[in-house]
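Peer 1: Pasting in a structure now, in structure tokens, and then I'll have a few things to ask.
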Amino acid sequence: MSRAHVLVLPFPAQGHVNPLMDLSHELAKHDIKITFVNTDFINKQIMEAEATRNEDKEQVGSDQIQMVSIPDGIEQEEDRNRWEILIESIWQVMPMKLEQLIQEISEKSENEKISCVVADAAMGWALEVAEKMGIHRATFLSTSAAVLALCFSIPKLLDDGIIDDDGTPTKDQIIHLAPNMPAMRTKHFPWAQMGAGLNAQKLVFNCMMRNNAAEIAEWAICNSAHELEPSAFAYAPNILPIGPLQASKSNHVDHLAGSFWREDSTCLNWLDQQPDKSVIYVAFGSFTIFDLLQLQELALGLELSNKPFLWVVRSDINNGAVNAFLKEFEDRLCSHGKVVGWAPQQKVLTHPSIACFLSHCGWNSTIEGVINGVPFLSWPYFADQFLNETYICDIWKVGLRLNRDNGIISQEEITFKIKQLLNDEGLRARASELKEKVIDNVKDGGSSNKNLKNLVDWIKA
Ligand code: UDX
């Protein structure tokens, strides 16, 4: 008898690969074979980062998960970091490449045919390919359910004149999709916050509309939990939470992770030497770029706070212009703070020394802070992160906003908010309560656990 075989396709970005890799490990536990498809570029990056990890550690699921890749169509001289280039190229080139890949797999062995495609919601075209080939399909959302609910509402937002045809808000206002849904500021709609001009906005907006129009997913799943977003799940009941996926895995086993950068694990030893609940963990995910002035303000704010801190500064955070400043800063700090290029974030956040998470509020980082009961200082950068900040600061009340003055978050604001957060017992207590409620979802009998079991049964039927 043939074994269930799922093709998993993330959007080529770290915050999309991670949760789909976690989902793949969950499915693999149920004897489902996984073919995980990255772009050639991302696959090479992951393989290089994986090769440097500790080879002695047991890697679970890897034999069930086959990593393959297809081209994204971007030429060597083009800039992959520009949304308009990336998205356009993906839509033009990848559907045909994916179809060829599925064809090749089914020609290899009748028993190993792809039985289901699980595609990132940002890769909606893959569901069209699957439908055309008569394959079951599910869409996976790497953001909050509220983002998908917002996407479903685009036709109404257009009808009500809240946005123009290209997604531009007609005015800056606060809206609620439904009475209990989180407040959304129109200028913070994810497509209006791509930070790369109107062209990028139009492309992302059209891509979201086209993904909506597909409406051919048999399942719509997301890495969230009912307790986190009850109003979004009530508003869009066809979206099913199966998370937090990060809470399902064991910290003692080293999964094939899908990191794009080599993790610097020395920070875990450094954390071991810090007192409990003392360290400010500072990380901005995989996209955030800083100008030198803002980076200096952050560095000085951390230094002046007089608390130990662990700060992730990716090598591409400012394309090299900050290196001299950082070198001098690190030398001055001695053991008071540690700067790394990329951290094993999920392990860092479980460490007892962590007191708070100064975060860009990417959805994965948000979830990872929540499941460890860590309070936040929020510093959203783009896309859905402003909406995630609303959840953190206004709805769950487990974090404080860092406010901008003339576009800059000052060192004084940073030291002030660190102090305020560390003195706020209420925030920490709410973060602990939220943690308990949320992780129960993936335990036996929890609602995400039930949804995942149903998904597995459907895939294997
Ligand atoms: C982006 C968006 O910000 C996010 O909201 C969306 O849902 C997915 O795409 P990104 O900016 O990378 O993602 O942030 P985030 O969602 O937080 O994902 C970053 C991932 O990288 C997390 O899983 C985090 O654990 C990991 N990470 C980050 C590390 O492993 N090490 C680090 O040093 C920093």
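Residue numbering restarts at 1 for every chain of the structure tokens, chains are lettered A, B, ... in their displayed order, and ligands are numbered from 1 as they appear.
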List as a CSV table (one decimal) with N, CA and C atoms, in the first residue's frame the protein and nucleic acid residues lying within 8 Å of ligand 1, with only C-alpha atoms and all ligand atoms counted.

Peer 2:
chain,number,residue,atom,x,y,z
A,13,ALA,N,11.7,32.5,3.0
A,13,ALA,CA,12.1,33.4,4.0
A,13,ALA,C,12.1,32.6,5.3
A,14,GLN,N,13.0,33.0,6.2
A,14,GLN,CA,13.3,32.3,7.5
A,14,GLN,C,12.0,32.1,8.3
A,15,GLY,N,11.2,33.1,8.4
A,15,GLY,CA,10.0,33.1,9.3
A,15,GLY,C,8.9,32.2,8.7
A,16,HIS,N,9.1,31.8,7.4
A,16,HIS,CA,8.1,30.9,6.8
A,16,HIS,C,8.7,29.4,6.8
A,18,ASN,N,10.7,28.1,9.0
A,18,ASN,CA,10.8,27.5,10.4
A,18,ASN,C,9.4,26.8,10.8
A,19,PRO,N,8.3,27.5,10.7
A,19,PRO,CA,7.1,26.8,11.2
A,19,PRO,C,6.7,25.7,10.3
A,141,LEU,N,-0.6,29.2,7.0
A,141,LEU,CA,-0.3,30.6,7.3
A,141,LEU,C,0.8,30.8,8.3
A,142,SER,N,1.8,31.5,8.0
A,142,SER,CA,2.9,31.7,9.0
A,142,SER,C,2.7,32.9,9.9
A,143,THR,N,1.6,33.6,9.6
A,143,THR,CA,1.3,34.8,10.5
A,143,THR,C,0.1,34.4,11.4
A,144,SER,N,-0.4,35.5,12.1
A,144,SER,CA,-1.6,35.3,12.9
A,144,SER,C,-2.8,35.0,12.0
A,259,SER,N,17.6,26.6,9.7
A,259,SER,CA,18.2,27.9,9.9
A,259,SER,C,19.0,28.3,8.6
A,263,GLU,N,24.1,29.0,13.8
A,263,GLU,CA,23.7,29.4,15.1
A,263,GLU,C,25.0,29.5,16.0
A,283,ALA,N,16.3,40.6,19.6
A,283,ALA,CA,16.5,40.0,18.3
A,283,ALA,C,15.4,40.5,17.4
A,284,PHE,N,15.7,40.7,16.1
A,284,PHE,CA,14.8,41.3,15.2
A,284,PHE,C,14.5,40.4,14.0
A,285,GLY,N,14.5,39.1,14.1
A,285,GLY,CA,14.2,38.2,13.0
A,285,GLY,C,15.1,38.3,11.9
A,286,SER,N,14.6,38.0,10.7
A,286,SER,CA,15.5,37.8,9.6
A,286,SER,C,15.5,38.9,8.5
A,287,PHE,N,14.6,39.9,8.7
A,287,PHE,CA,14.6,40.9,7.6
A,287,PHE,C,15.1,42.3,8.1
A,288,THR,N,14.9,42.6,9.4
A,288,THR,CA,15.1,44.0,9.8
A,288,THR,C,16.4,44.6,9.5
A,312,VAL,N,21.1,39.9,19.1
A,312,VAL,CA,21.5,39.3,17.8
A,312,VAL,C,21.6,40.4,16.7
A,313,VAL,N,22.8,40.5,16.2
A,313,VAL,CA,23.0,41.4,15.1
A,313,VAL,C,23.4,40.6,13.9
A,314,ARG,N,22.5,40.4,13.0
A,314,ARG,CA,22.8,39.6,11.7
A,314,ARG,C,23.9,40.3,10.9
A,340,VAL,N,25.7,38.3,19.2
A,340,VAL,CA,26.0,37.2,18.3
A,340,VAL,C,25.3,37.4,16.9
A,341,GLY,N,25.8,36.7,15.9
A,341,GLY,CA,25.3,36.9,14.6
A,341,GLY,C,23.9,36.2,14.3
A,342,TRP,N,23.7,35.1,15.0
A,342,TRP,CA,22.5,34.4,14.9
A,342,TRP,C,22.4,33.4,16.1
A,343,ALA,N,21.3,33.5,16.9
A,343,ALA,CA,21.2,32.7,18.1
A,343,ALA,C,20.3,31.5,17.9
A,344,PRO,N,20.5,30.4,18.7
A,344,PRO,CA,19.5,29.4,18.7
A,344,PRO,C,18.3,29.9,19.5
A,345,GLN,N,17.5,30.7,18.9
A,345,GLN,CA,16.5,31.6,19.6
A,345,GLN,C,15.5,30.8,20.5
A,346,GLN,N,15.1,29.6,20.0
A,346,GLN,CA,14.1,28.9,20.8
A,346,GLN,C,14.7,28.4,22.1
A,360,HIS,N,11.1,42.4,17.3
A,360,HIS,CA,10.4,43.1,16.2
A,360,HIS,C,9.0,42.5,16.0
A,361,CYS,N,8.6,41.6,16.9
A,361,CYS,CA,7.2,41.0,16.9
A,361,CYS,C,6.9,40.3,15.6
A,362,GLY,N,7.9,39.6,15.0
A,362,GLY,CA,7.5,38.6,13.9
A,362,GLY,C,6.6,37.6,14.6
A,363,TRP,N,5.8,37.0,13.8
A,363,TRP,CA,4.8,36.0,14.4
A,363,TRP,C,5.5,34.9,15.1
A,364,ASN,N,6.6,34.3,14.5
A,364,ASN,CA,7.3,33.2,15.1
A,364,ASN,C,7.9,33.6,16.5
A,365,SER,N,8.5,34.8,16.4
A,365,SER,CA,9.2,35.3,17.7
A,365,SER,C,8.1,35.6,18.7
A,366,THR,N,7.0,36.1,18.3
A,366,THR,CA,5.9,36.4,19.2
A,366,THR,C,5.4,35.1,19.9
A,368,GLU,N,7.1,32.3,20.2
A,368,GLU,CA,8.2,31.7,20.9
A,368,GLU,C,8.4,32.4,22.3
A,381,TYR,N,8.7,46.3,12.8
A,381,TYR,CA,9.5,46.8,11.7
A,381,TYR,C,8.6,46.9,10.5
A,382,PHE,N,8.0,45.8,10.1
A,382,PHE,CA,7.2,45.8,8.9
A,382,PHE,C,6.1,44.7,8.8
A,383,ALA,N,5.4,44.7,7.7
A,383,ALA,CA,4.4,43.7,7.4
A,383,ALA,C,3.4,43.5,8.5
A,384,ASP,N,3.2,42.3,9.0
A,384,ASP,CA,2.2,42.0,10.0
A,384,ASP,C,2.6,42.3,11.4
A,385,GLN,N,3.9,42.8,11.6
A,385,GLN,CA,4.4,43.0,13.0
A,385,GLN,C,3.7,44.0,13.8
A,388,ASN,N,0.8,42.3,15.3
A,388,ASN,CA,1.3,41.4,16.4
A,388,ASN,C,1.6,42.2,17.7

Peer 1: DSSP on the backbone: what in stretch 112-312 of chain A comes out strand (DSSP E or B), as a PyMOL selection string?

Peer 2: chain A and resi 116-120+136-141+163+169+174-175+184-185+219-222+239-241+254-255+279-283+309-312

Peer 1: Set the distance at 12 Å and use only C-alpha atoms: which residues neighbour A:Ile105 once local chain neighbours fewer than 6 positions away are removed? I'd like the list as a PDB file with all heavy atoms, in the first residue's frame.

Peer 2:
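Printed below is selection-v3.pdb as written:
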ATOM      1  N   HIS A   5       2.249  10.899   1.331  1.00  0.00           N
ATOM      2  CA  HIS A   5       3.444  11.663   0.962  1.00  0.00           C
ATOM      3  C   HIS A   5       3.037  13.123   0.751  1.00  0.00           C
ATOM      4  O   HIS A   5       2.290  13.433  -0.175  1.00  0.00           O
ATOM      5  CB  HIS A   5       4.047  11.059  -0.318  1.00  0.00           C
ATOM      6  CG  HIS A   5       5.348  11.663  -0.723  1.00  0.00           C
ATOM      7  ND1 HIS A   5       6.080  11.187  -1.779  1.00  0.00           N
ATOM      8  CD2 HIS A   5       6.070  12.697  -0.227  1.00  0.00           C
ATOM      9  CE1 HIS A   5       7.190  11.900  -1.921  1.00  0.00           C
ATOM     10  NE2 HIS A   5       7.193  12.838  -0.990  1.00  0.00           N
ATOM     11  N   VAL A   6       3.534  13.987   1.626  1.00  0.00           N
ATOM     12  CA  VAL A   6       3.146  15.399   1.570  1.00  0.00           C
ATOM     13  C   VAL A   6       4.294  16.237   1.026  1.00  0.00           C
ATOM     14  O   VAL A   6       5.434  16.104   1.468  1.00  0.00           O
ATOM     15  CB  VAL A   6       2.755  15.911   2.975  1.00  0.00           C
ATOM     16  CG1 VAL A   6       2.468  17.402   2.954  1.00  0.00           C
ATOM     17  CG2 VAL A   6       1.536  15.157   3.496  1.00  0.00           C
ATOM     18  N   LEU A   7       3.973  17.094   0.074  1.00  0.00           N
ATOM     19  CA  LEU A   7       4.950  18.072  -0.403  1.00  0.00           C
ATOM     20  C   LEU A   7       4.694  19.381   0.333  1.00  0.00           C
ATOM     21  O   LEU A   7       3.580  19.897   0.317  1.00  0.00           O
ATOM     22  CB  LEU A   7       4.817  18.252  -1.920  1.00  0.00           C
ATOM     23  CG  LEU A   7       5.820  19.201  -2.567  1.00  0.00           C
ATOM     24  CD1 LEU A   7       6.206  18.695  -3.966  1.00  0.00           C
ATOM     25  CD2 LEU A   7       5.299  20.628  -2.653  1.00  0.00           C
ATOM     26  N   ILE A  34       7.676  13.279   3.921  1.00  0.00           N
ATOM     27  CA  ILE A  34       7.646  14.708   3.575  1.00  0.00           C
ATOM     28  C   ILE A  34       8.697  15.008   2.505  1.00  0.00           C
ATOM     29  O   ILE A  34       9.866  14.624   2.642  1.00  0.00           O
ATOM     30  CB  ILE A  34       7.987  15.592   4.808  1.00  0.00           C
ATOM     31  CG1 ILE A  34       7.073  15.292   6.004  1.00  0.00           C
ATOM     32  CG2 ILE A  34       7.962  17.081   4.434  1.00  0.00           C
ATOM     33  CD1 ILE A  34       5.639  15.711   5.856  1.00  0.00           C
ATOM     34  N   THR A  35       8.277  15.708   1.467  1.00  0.00           N
ATOM     35  CA  THR A  35       9.253  16.313   0.558  1.00  0.00           C
ATOM     36  C   THR A  35       9.162  17.814   0.780  1.00  0.00           C
ATOM     37  O   THR A  35       8.114  18.426   0.552  1.00  0.00           O
ATOM     38  CB  THR A  35       8.955  15.949  -0.916  1.00  0.00           C
ATOM     39  OG1 THR A  35       9.205  14.545  -1.075  1.00  0.00           O
ATOM     40  CG2 THR A  35       9.852  16.718  -1.865  1.00  0.00           C
ATOM     41  N   GLN A  66      12.584  14.726   3.210  1.00  0.00           N
ATOM     42  CA  GLN A  66      13.560  14.871   2.155  1.00  0.00           C
ATOM     43  C   GLN A  66      13.595  16.322   1.703  1.00  0.00           C
ATOM     44  O   GLN A  66      12.553  16.896   1.383  1.00  0.00           O
ATOM     45  CB  GLN A  66      13.167  13.962   0.990  1.00  0.00           C
ATOM     46  CG  GLN A  66      14.362  13.543   0.204  1.00  0.00           C
ATOM     47  CD  GLN A  66      13.997  13.000  -1.158  1.00  0.00           C
ATOM     48  OE1 GLN A  66      12.828  12.710  -1.436  1.00  0.00           O
ATOM     49  NE2 GLN A  66      14.983  12.869  -2.006  1.00  0.00           N
ATOM     50  N   VAL A  68      14.429  19.040  -0.933  1.00  0.00           N
ATOM     51  CA  VAL A  68      14.720  19.202  -2.357  1.00  0.00           C
ATOM     52  C   VAL A  68      14.583  20.682  -2.706  1.00  0.00           C
ATOM     53  O   VAL A  68      14.095  21.472  -1.897  1.00  0.00           O
ATOM     54  CB  VAL A  68      13.783  18.357  -3.256  1.00  0.00           C
ATOM     55  CG1 VAL A  68      13.862  16.889  -2.937  1.00  0.00           C
ATOM     56  CG2 VAL A  68      12.354  18.836  -3.146  1.00  0.00           C
ATOM     57  N   LEU A  98       7.498  23.474 -10.111  1.00  0.00           N
ATOM     58  CA  LEU A  98       6.858  22.613  -9.107  1.00  0.00           C
ATOM     59  C   LEU A  98       6.113  21.464  -9.795  1.00  0.00           C
ATOM     60  O   LEU A  98       6.191  20.306  -9.369  1.00  0.00           O
ATOM     61  CB  LEU A  98       5.886  23.435  -8.244  1.00  0.00           C
ATOM     62  CG  LEU A  98       5.236  22.631  -7.123  1.00  0.00           C
ATOM     63  CD1 LEU A  98       6.253  22.289  -6.036  1.00  0.00           C
ATOM     64  CD2 LEU A  98       4.062  23.380  -6.489  1.00  0.00           C
ATOM     65  N   GLU A  99       5.415  21.806 -10.861  1.00  0.00           N
ATOM     66  CA  GLU A  99       4.680  20.769 -11.593  1.00  0.00           C
ATOM     67  C   GLU A  99       5.638  19.683 -12.099  1.00  0.00           C
ATOM     68  O   GLU A  99       5.376  18.487 -11.962  1.00  0.00           O
ATOM     69  CB  GLU A  99       3.919  21.424 -12.766  1.00  0.00           C
ATOM     70  CG  GLU A  99       2.936  20.487 -13.401  1.00  0.00           C
ATOM     71  CD  GLU A  99       2.055  21.171 -14.451  1.00  0.00           C
ATOM     72  OE1 GLU A  99       1.867  22.403 -14.380  1.00  0.00           O
ATOM     73  OE2 GLU A  99       1.576  20.443 -15.332  1.00  0.00           O
ATOM     74  N   ASN A 111       4.223   4.062  -5.492  1.00  0.00           N
ATOM     75  CA  ASN A 111       3.891   4.068  -4.059  1.00  0.00           C
ATOM     76  C   ASN A 111       4.266   5.355  -3.337  1.00  0.00           C
ATOM     77  O   ASN A 111       3.910   5.551  -2.193  1.00  0.00           O
ATOM     78  CB  ASN A 111       4.613   2.915  -3.340  1.00  0.00           C
ATOM     79  CG  ASN A 111       3.982   1.604  -3.724  1.00  0.00           C
ATOM     80  OD1 ASN A 111       2.855   1.582  -4.212  1.00  0.00           O
ATOM     81  ND2 ASN A 111       4.717   0.528  -3.529  1.00  0.00           N
ATOM     82  N   GLU A 112       5.045   6.183  -3.981  1.00  0.00           N
ATOM     83  CA  GLU A 112       5.546   7.380  -3.300  1.00  0.00           C
ATOM     84  C   GLU A 112       4.960   8.652  -3.896  1.00  0.00           C
ATOM     85  O   GLU A 112       5.482   9.746  -3.700  1.00  0.00           O
ATOM     86  CB  GLU A 112       7.081   7.435  -3.403  1.00  0.00           C
ATOM     87  CG  GLU A 112       7.776   6.263  -2.784  1.00  0.00           C
ATOM     88  CD  GLU A 112       8.147   6.483  -1.331  1.00  0.00           C
ATOM     89  OE1 GLU A 112       8.982   7.339  -1.065  1.00  0.00           O
ATOM     90  OE2 GLU A 112       7.569   5.791  -0.457  1.00  0.00           O
ATOM     91  N   LYS A 113       3.898   8.520  -4.662  1.00  0.00           N
ATOM     92  CA  LYS A 113       3.286   9.702  -5.302  1.00  0.00           C
ATOM     93  C   LYS A 113       2.904  10.747  -4.276  1.00  0.00           C
ATOM     94  O   LYS A 113       2.483  10.404  -3.157  1.00  0.00           O
ATOM     95  CB  LYS A 113       2.002   9.278  -6.017  1.00  0.00           C
ATOM     96  CG  LYS A 113       2.209   8.761  -7.407  1.00  0.00           C
ATOM     97  CD  LYS A 113       0.842   8.498  -8.017  1.00  0.00           C
ATOM     98  CE  LYS A 113       0.938   8.459  -9.518  1.00  0.00           C
ATOM     99  NZ  LYS A 113      -0.341   8.216 -10.127  1.00  0.00           N
ATOM    100  N   ILE A 114       3.006  12.022  -4.633  1.00  0.00           N
ATOM    101  CA  ILE A 114       2.580  13.088  -3.715  1.00  0.00           C
ATOM    102  C   ILE A 114       1.064  12.992  -3.539  1.00  0.00           C
ATOM    103  O   ILE A 114       0.306  13.036  -4.507  1.00  0.00           O
ATOM    104  CB  ILE A 114       2.931  14.481  -4.295  1.00  0.00           C
ATOM    105  CG1 ILE A 114       4.424  14.626  -4.589  1.00  0.00           C
ATOM    106  CG2 ILE A 114       2.421  15.595  -3.375  1.00  0.00           C
ATOM    107  CD1 ILE A 114       5.323  14.703  -3.392  1.00  0.00           C
ATOM    108  N   SER A 115       0.631  12.860  -2.251  1.00  0.00           N
ATOM    109  CA  SER A 115      -0.815  12.743  -2.034  1.00  0.00           C
ATOM    110  C   SER A 115      -1.422  14.064  -1.563  1.00  0.00           C
ATOM    111  O   SER A 115      -2.630  14.254  -1.606  1.00  0.00           O
ATOM    112  CB  SER A 115      -1.106  11.638  -1.017  1.00  0.00           C
ATOM    113  OG  SER A 115      -0.228  11.715   0.080  1.00  0.00           O
TER     114      SER A 115
END

Peer 1: Using only C-alpha atoms for the distances, tell me which of A:Leu333, A:Ala183, A:Ile90, A:Ile280 is nearest to A:Phe357.

Peer 2: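 Checking each of A:Leu333, A:Ala183, A:Ile90, A:Ile280 against A:Phe357, counting only C-alpha atoms, the winner is A:Ile280.
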
Peer 1: Taking 5 positions as the minimum chain separation for residues in the same chain, which residues sit within 9 Å of stretch 224-237 of chain A when counting only C-alpha atoms? Answer as a count of residues only.

Peer 2: 30

Peer 1: Measuring between only C-alpha atoms, which one of A:Ser432, A:Gln92, A:Thr168, A:Ser106 shows the shortest distance to A:Ser2?

Peer 2: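 When distances to A:Ser2 are compared using only C-alpha atoms, the smallest one comes from A:Ser106.
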
Peer 1: Give me every helix (DSSP H, G or I) residue in stretch 33-100 of chain A, going by DSSP on the backbone, as a PyMOL selection string.

Peer 2: chain A and resi 40-51+83-100

Peer 1: Do you have the atom CA of A:Leu298-atom CA of A:His188 distance handy?

Peer 2: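 Computing it gives 23.2 Å between the two atoms.
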
Peer 1: Go through A:Arg430, A:Lys460, A:Arg82, A:Lys156 and flag the residue nearest A:Gln201, using only C-alpha atoms for the distances.

Peer 2: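 That would be A:Arg82, the residue with the smallest distance to A:Gln201.
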